[in-house]
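Enquirer: Input: one structure, supplied below.
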Amino acid sequence: MLCFVTGCGIRDVRNQLNDVESYIAERPDSALAIIESIDSTVLRTKGLQAHHALLHAMALDKNYIDVKDDSLALTAVRYYQKHGHKKYLARARYYLALSYYYDRQYNKSIIELSKAEPIATKYDSLYLGFVKVLQADIHNINYNYVQELSCLEEALNIYTKIQASYYMDIAKLRIAQSYISNDRRDEAQVIFKDYLSRQTSINIRNAQSYGDYAFLMGTCNNPDFNASSSLFEAVATFENGMYMTYQDYWAWAHSLSRIGETTKSQRLVKDLKQVDSSGTAFYFMYLIAKNERRYKEALECLENFTEQNNSEVVQVLKQSVSTTQRDYYHSQYEVSDYKAKNRLLVIIIILITTTMAAFITVLLANRYRKKKEFEKEEYIRYAEEINRQLRELQKDSYTSLQKRYVSMYKSRYETLRALYERYTMSDGRTDADKIMYREVTRLIDELRHDIKDSKVLERMLDDDLDGLLSTLRNEIPDLTRKDHTLIGYLALGFDVVMISHFMDCSPNSIYIRKSRLKKTIEDSGAEHKDVFLQIIG
C-alpha cells in the first residue's frame with residue numbers, strides 16, 4: 001500500500017511540474033507561486049528534484065528576479081548531464097551561467113555559456129538565442145561592443161527562424177542599444193521608432209526602451225531635446241523611475257537645460273551630484289554648464305571628466321587584462337583536465353573492450369564446443385535408434401508384410417470370384433441380369449456392414465497406415481466422429497457417390513463436409529497436416 005501511495009504521489013508531482021512548464025512563459029507569476037508552494041519532501045526522486053529546480057530558476061528569471069545563488073541551476077545540471085532530454089541540460093547550463101552573471105563572475109558565466117551553446121544548437125533553438133543575448137551582455141560589460149553586436153545579430157537570426165516574435169523585438173531593441181555604443185545612432189533611431197510606434201503606452205516590457213530612445217533623442221547628431229525631455233519625464237513617472245539609470249537622469253537634465261527649463265535642470269543636477277561622480281556625470285555637467293555659458297565651471301567639469309575617464313580606461317584595461325589572464329589560466333586548466341580525463345577514459349575503454357572481447361570469445365568458444373558435443377550425442381542416439389529399428393525390421397517386417405500382402409491379395413479377388421461363380425450359375429437364364437444385380441447389392445451391403453463401425457474402420461486403417469488416423473485424432477482433437485469416418489472412407493479410396501451411399505446422405509453434403517474438413521486441417525497447427533490433406537485429396 002505504501003509503495004502504491006508513493007507511486008501515485010510521484011505521478012501527481014510529475015504531472016504538476018509538467019503542467020507548470022506548459023504555461024511558465026505566459027504566466028510566470030502563477031508558475032512561480034505553484035513552484036514555491038510544492039513541499040520539497042514530495043520530491044522523492046532526483047529527476048523530480050532536478051525538474052523542480054530548473055523550473056524554479058526559469059520562473060524567477062521570467063519574474064525579473066536576479067538570482068546570484070547557483071544551487072538551483074547546479075542541481076539541474078548535475079542530473080541532466082547523465083539523465084533526461086538534452087534540451088533540459090542546455091537550459092540548466094544557461095541558468096547556471098545567468099546566476100554567475102548576476103554574481104559578476106563573468107569568466108564562469110562565459111564558460112557555462114560555451115558548454116550550453118552546442119547543446120542548445122542541436123536541441124533548443126530558443127535557448128540558443130538566450131545564450132547569444134547573455135554572451136552579448138558580457139561583451140558589453142567588457143566594452144567589446146563589436147562582439148556584442150555580432151552576438152545580438154545571431155540571436156535575432158535565431159528568433160526569426162523559429163518565428164519567436166516577442167524575442168525578436170527584444171533582440172532588435174538590444175541591437176539598437178548596441179548601435180548607440182557603436183556610434184551608429186541613425187540605425188538605432190530607426191529601430192526605436194519602428195518598435196515604439198507599435199506601443200500604446202509605457203509598461204514593464206517597454207519602459208527600458210522608452211528610456212533608451214529618450215537618451216538617443218538627446219544625444220544623436222540631430223537631437224530633439226523637447227522629445228527627449230518628454231520621454232524621460234514619462235519614464236521617470238512610471239513605477240517611480242525604477243527603469244531610469246543615472247546616465248538617463250543626466251541626459252534628462254541636459255535636455256531640460258537645452259529647452260530652457262534651467263531651474264528644473266539645476267534641481268536634478270543637485271540631486272545627482274550627491275549620488276554619482278562618474279565620468280558620465282562630469283561629461284553631462286560640462287555640457288549643461290557650457291549650454292548655460294558657465295564656462296569656468298564647464299572647463300573644470302571637462303578636466304574632471306578627462307581625469308576620471310583616463311582613470312576608468314586604465315581600470316578597465318587592468319580589469320580586462322586580469323580577466324583575460326584569469327580566463328586563460330582557467331581555460332588551460334580545463335584543457336589539461338579534459339585531456340587527462342580523456343586519456344583515462346581511453347585507457348578504461350580499451351581495458352573494457354579487451355575484457356569484453358576476451359569474455360565474448362571464451363563464451364562463443366564454449367557455446368560452440370557444447371553445441372558440437374550435443375550434436376555428436378544426438379547423432380549417436382539417432383544412429384542407435386536406426387540400428388534398433390533395422391534389427392527389428394530384419395526379424396519380422398518382411399514376414400509380416402508378406403502375410404498382409406497375401407491376405408490383401410486374396411481379399412481383393414474374393415469378390416470377383418463370388419461374382420464370377422454367380423455369373424456361371426445363371427448363364428443362359430432370362431433373369432441373369434436381375435440375379436447379378438441382387439448379388440452385387442448383397443456384396444455391397446456386406447461391405448457396408450463390415451466398415452460401418454468407425455472404430456473398426458479406424459483400427460483397420462491404422463494397421464495399414466502406421467497409426468495415422470490415431471495421430472489425426474490427437475493432433476486435431478476438435479474433429480467429430482463423422483469427420484473421422486469420412487477421412488477413413490477417403491483413405492480407402494472411395495469416391496464421393498460411394499461415400500454418400502455409406503453415410504446415408506447426398507453427394508453434395510459430402511462435398512461440403514470434405515471442403516470444410518480440408519479448411520479445418522489447413523488452419524490447424526498439426527505436425528502431419530500435409531499428410532492429412534493428401535489423404536483427403
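Note on naming: chains are A, B, ... as they come in the C-alpha cells, residues start from 1 per chain, ligands start from 1 in the order shown.
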Residues at most 10 Å from A:Arg93, counting only C-alpha atoms, excluding those fewer than 4 positions away in the same chain, as a VMD selection string?

Expert: chain A and resid 54 73 to 74 76 to 78 80 to 81 88 to 89 97 to 99 109 111 to 117 119 to 120 131

Enquirer: What's around A:Ala526 at 10 Å? Count only C-alpha atoms, leave out sequence neighbours fewer than 3 positions away in its own chain, and write the answer as a ChimeraX atom specification.

Expert: /A:471-472,474-476,521-523,529-532

Enquirer: If you keep N, CA, C and O atoms, can you produce a file of those selected residues as a tab-separated table (two decimals), in the first residue's frame?

Expert:
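Just written: selection15.tsv:
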chain	number	residue	atom	x	y	z
A	471	THR	N	-3.13	-40.60	-34.93
A	471	THR	CA	-2.33	-39.36	-34.90
A	471	THR	C	-3.21	-38.15	-35.24
A	471	THR	O	-3.11	-37.09	-34.62
A	472	LEU	N	-4.08	-38.33	-36.24
A	472	LEU	CA	-5.00	-37.25	-36.62
A	472	LEU	C	-5.90	-36.88	-35.46
A	472	LEU	O	-6.12	-35.70	-35.17
A	474	ASN	N	-5.30	-37.14	-32.30
A	474	ASN	CA	-4.53	-36.47	-31.24
A	474	ASN	C	-4.13	-35.03	-31.64
A	474	ASN	O	-4.17	-34.12	-30.81
A	475	GLU	N	-3.76	-34.86	-32.92
A	475	GLU	CA	-3.27	-33.54	-33.35
A	475	GLU	C	-4.40	-32.56	-33.64
A	475	GLU	O	-4.21	-31.34	-33.53
A	476	ILE	N	-5.58	-33.08	-34.05
A	476	ILE	CA	-6.74	-32.20	-34.30
A	476	ILE	C	-7.93	-32.75	-33.51
A	476	ILE	O	-8.80	-33.43	-34.06
A	521	ILE	N	-8.22	-28.51	-41.40
A	521	ILE	CA	-6.86	-29.07	-41.33
A	521	ILE	C	-5.83	-28.04	-41.76
A	521	ILE	O	-4.76	-27.90	-41.14
A	522	GLU	N	-6.14	-27.28	-42.81
A	522	GLU	CA	-5.20	-26.25	-43.28
A	522	GLU	C	-4.94	-25.18	-42.21
A	522	GLU	O	-3.83	-24.69	-42.07
A	523	ASP	N	-5.98	-24.83	-41.47
A	523	ASP	CA	-5.84	-23.78	-40.45
A	523	ASP	C	-5.23	-24.28	-39.15
A	523	ASP	O	-4.89	-23.48	-38.27
A	529	LYS	N	0.07	-32.16	-41.00
A	529	LYS	CA	-1.01	-31.51	-41.76
A	529	LYS	C	-0.94	-31.90	-43.24
A	529	LYS	O	-1.98	-32.18	-43.86
A	530	ASP	N	0.25	-31.90	-43.82
A	530	ASP	CA	0.38	-32.19	-45.26
A	530	ASP	C	-0.09	-33.60	-45.59
A	530	ASP	O	-0.71	-33.84	-46.64
A	531	VAL	N	0.21	-34.56	-44.69
A	531	VAL	CA	-0.20	-35.96	-44.92
A	531	VAL	C	-1.72	-36.08	-44.85
A	531	VAL	O	-2.35	-36.75	-45.67
A	532	PHE	N	-2.33	-35.40	-43.86
A	532	PHE	CA	-3.80	-35.44	-43.72
A	532	PHE	C	-4.47	-34.86	-44.96
A	532	PHE	O	-5.47	-35.41	-45.45

Enquirer: So what do you get for atom CA of A:Tyr489 versus atom CA of A:Ile536, distance-wise?

Expert: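 About the pair atom CA of A:Tyr489 and atom CA of A:Ile536: they are 9.4 Å apart.
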
Enquirer: For A:Met503, please output as a list of chain:residue names all residues within 9 Å (counting only C-alpha atoms; exclusion window: fewer than 2 positions along the same chain).

Expert: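 In the requested format, the answer is A:Lys452, A:Lys482, A:Thr485, A:Leu486, A:Met498, A:Ile499, A:Ser500, A:His501, A:Cys505, A:Ser506, A:Ile510.
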
Enquirer: Going by DSSP on the backbone, which residues of stretch 173-308 of chain A come out as helix (DSSP H, G or I)? List them as JSON, numbers by chain.

Expert: {"A": [173, 174, 175, 176, 177, 178, 179, 180, 181, 185, 186, 187, 188, 189, 190, 191, 192, 193, 194, 195, 196, 207, 208, 209, 210, 211, 212, 213, 214, 215, 216, 217, 218, 219, 225, 226, 227, 228, 229, 230, 231, 232, 233, 234, 235, 236, 237, 238, 239, 240, 241, 246, 247, 248, 249, 250, 251, 252, 253, 254, 255, 256, 257, 258, 262, 263, 264, 265, 266, 267, 268, 269, 270, 271, 272, 273, 279, 280, 281, 282, 283, 284, 285, 286, 287, 288, 289, 290, 291, 295, 296, 297, 298, 299, 300, 301, 302, 303, 304, 305, 306, 307, 308]}

Enquirer: Could you check the closest approach to A:Val133 for each of A:Asp183, A:Asp483, A:Glu297, A:Glu154 and tell me which residue wins, using only C-alpha atoms?

Expert: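 Using only C-alpha atoms, A:Val133 sits closest to A:Glu154.
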
Enquirer: What does the structure give for the distance between atom CA of A:Lys518 and atom CA of A:Gly537, in Å to one decimal?

Expert: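 Going from atom CA of A:Lys518 over to atom CA of A:Gly537, I get 8.8 Å.
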
Enquirer: Could you list, as a ChimeraX atom specification, every residue within 9 Å of A:Tyr246, counting only C-alpha atoms and ignoring same-chain residues fewer than 3 positions away?

Expert: /A:249-251,272,275-276,280-281

Enquirer: Dump N, CA, C and O atoms for the selected residues as a PDB file, in the first residue's frame?

Expert:
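Saved result, again.pdb, follows:
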ATOM      1  N   TYR A 249      19.174  60.031 -16.129  1.00  0.00           N
ATOM      2  CA  TYR A 249      18.852  61.262 -15.400  1.00  0.00           C
ATOM      3  C   TYR A 249      19.757  62.412 -15.839  1.00  0.00           C
ATOM      4  O   TYR A 249      19.310  63.569 -15.969  1.00  0.00           O
ATOM      5  N   TRP A 250      21.045  62.144 -16.054  1.00  0.00           N
ATOM      6  CA  TRP A 250      21.972  63.186 -16.511  1.00  0.00           C
ATOM      7  C   TRP A 250      21.575  63.673 -17.902  1.00  0.00           C
ATOM      8  O   TRP A 250      21.583  64.892 -18.181  1.00  0.00           O
ATOM      9  N   ALA A 251      21.211  62.730 -18.786  1.00  0.00           N
ATOM     10  CA  ALA A 251      20.783  63.117 -20.131  1.00  0.00           C
ATOM     11  C   ALA A 251      19.501  63.933 -20.072  1.00  0.00           C
ATOM     12  O   ALA A 251      19.307  64.884 -20.860  1.00  0.00           O
ATOM     13  N   LEU A 272      21.645  64.678  -8.317  1.00  0.00           N
ATOM     14  CA  LEU A 272      22.516  63.663  -8.920  1.00  0.00           C
ATOM     15  C   LEU A 272      23.945  63.752  -8.397  1.00  0.00           C
ATOM     16  O   LEU A 272      24.625  62.733  -8.255  1.00  0.00           O
ATOM     17  N   VAL A 275      24.910  61.477  -5.514  1.00  0.00           N
ATOM     18  CA  VAL A 275      24.926  60.005  -5.645  1.00  0.00           C
ATOM     19  C   VAL A 275      25.828  59.510  -6.778  1.00  0.00           C
ATOM     20  O   VAL A 275      26.129  58.312  -6.857  1.00  0.00           O
ATOM     21  N   ASP A 276      26.267  60.391  -7.674  1.00  0.00           N
ATOM     22  CA  ASP A 276      27.040  59.921  -8.832  1.00  0.00           C
ATOM     23  C   ASP A 276      28.192  60.880  -9.124  1.00  0.00           C
ATOM     24  O   ASP A 276      27.984  62.087  -9.281  1.00  0.00           O
ATOM     25  N   THR A 280      30.681  59.910 -16.611  1.00  0.00           N
ATOM     26  CA  THR A 280      29.445  60.328 -17.289  1.00  0.00           C
ATOM     27  C   THR A 280      28.860  61.575 -16.635  1.00  0.00           C
ATOM     28  O   THR A 280      28.383  62.494 -17.324  1.00  0.00           O
ATOM     29  N   ALA A 281      28.881  61.609 -15.285  1.00  0.00           N
ATOM     30  CA  ALA A 281      28.339  62.759 -14.552  1.00  0.00           C
ATOM     31  C   ALA A 281      29.087  64.037 -14.922  1.00  0.00           C
ATOM     32  O   ALA A 281      28.472  65.075 -15.220  1.00  0.00           O
TER      33      ALA A 281
END

Enquirer: Restricting the calculation to only C-alpha atoms, which member of A:Gln266, A:Ser255, A:Thr245, A:Asn291 is positioned closest to A:Thr219?

Expert: A:Ser255

Enquirer: Write out as a PyMOL selection string each polymer residue whose atoms come within 9 Å of A:Arg174, counting only C-alpha atoms; drop sequence neighbours fewer than 6 positions from it.

Expert: chain A and resi 133+149+152+209

Enquirer: Work out how far apart atom CA of A:Leu196 and atom CA of A:Tyr159 are and give it in Å to one decimal.

Expert: 19.8 Å

Enquirer: What lies within 9 Å of A:Leu287 using only C-alpha atoms, ignoring chain neighbours under 4 positions off, as an mmCIF file with N, CA, C and O atoms, in the first residue's frame?

Expert:
data_model
loop_
_atom_site.group_PDB
_atom_site.id
_atom_site.type_symbol
_atom_site.label_atom_id
_atom_site.label_comp_id
_atom_site.auth_asym_id
_atom_site.auth_seq_id
_atom_site.Cartn_x
_atom_site.Cartn_y
_atom_site.Cartn_z
ATOM 1 N N HIS A 254 20.306 67.420 -19.036
ATOM 2 C CA HIS A 254 20.886 68.138 -20.174
ATOM 3 C C HIS A 254 19.796 68.606 -21.134
ATOM 4 O O HIS A 254 19.809 69.755 -21.621
ATOM 5 N N PHE A 282 30.414 64.006 -14.932
ATOM 6 C CA PHE A 282 31.205 65.195 -15.266
ATOM 7 C C PHE A 282 31.001 65.624 -16.719
ATOM 8 O O PHE A 282 30.999 66.814 -17.044
ATOM 9 N N TYR A 283 30.798 64.625 -17.595
ATOM 10 C CA TYR A 283 30.598 64.948 -19.005
ATOM 11 C C TYR A 283 29.310 65.740 -19.198
ATOM 12 O O TYR A 283 29.290 66.788 -19.886
ATOM 13 N N ASN A 291 26.236 74.971 -22.016
ATOM 14 C CA ASN A 291 24.996 75.483 -22.592
ATOM 15 C C ASN A 291 24.507 76.728 -21.871
ATOM 16 O O ASN A 291 23.953 77.652 -22.487
ATOM 17 N N GLU A 292 24.746 76.777 -20.532
ATOM 18 C CA GLU A 292 24.291 77.925 -19.728
ATOM 19 C C GLU A 292 25.367 79.001 -19.600
ATOM 20 O O GLU A 292 25.287 79.893 -18.745
ATOM 21 N N ALA A 298 32.359 74.827 -16.696
ATOM 22 C CA ALA A 298 32.402 73.844 -17.788
ATOM 23 C C ALA A 298 33.812 73.305 -17.964
ATOM 24 O O ALA A 298 34.028 72.095 -18.161
ATOM 25 N N CYS A 301 34.649 70.921 -15.138
ATOM 26 C CA CYS A 301 33.951 69.629 -15.349
ATOM 27 C C CYS A 301 34.632 68.818 -16.454
ATOM 28 O O CYS A 301 34.765 67.591 -16.355
ATOM 29 N N LEU A 302 35.083 69.502 -17.494
ATOM 30 C CA LEU A 302 35.755 68.812 -18.598
ATOM 31 C C LEU A 302 37.070 68.208 -18.131
ATOM 32 O O LEU A 302 37.409 67.073 -18.500
#
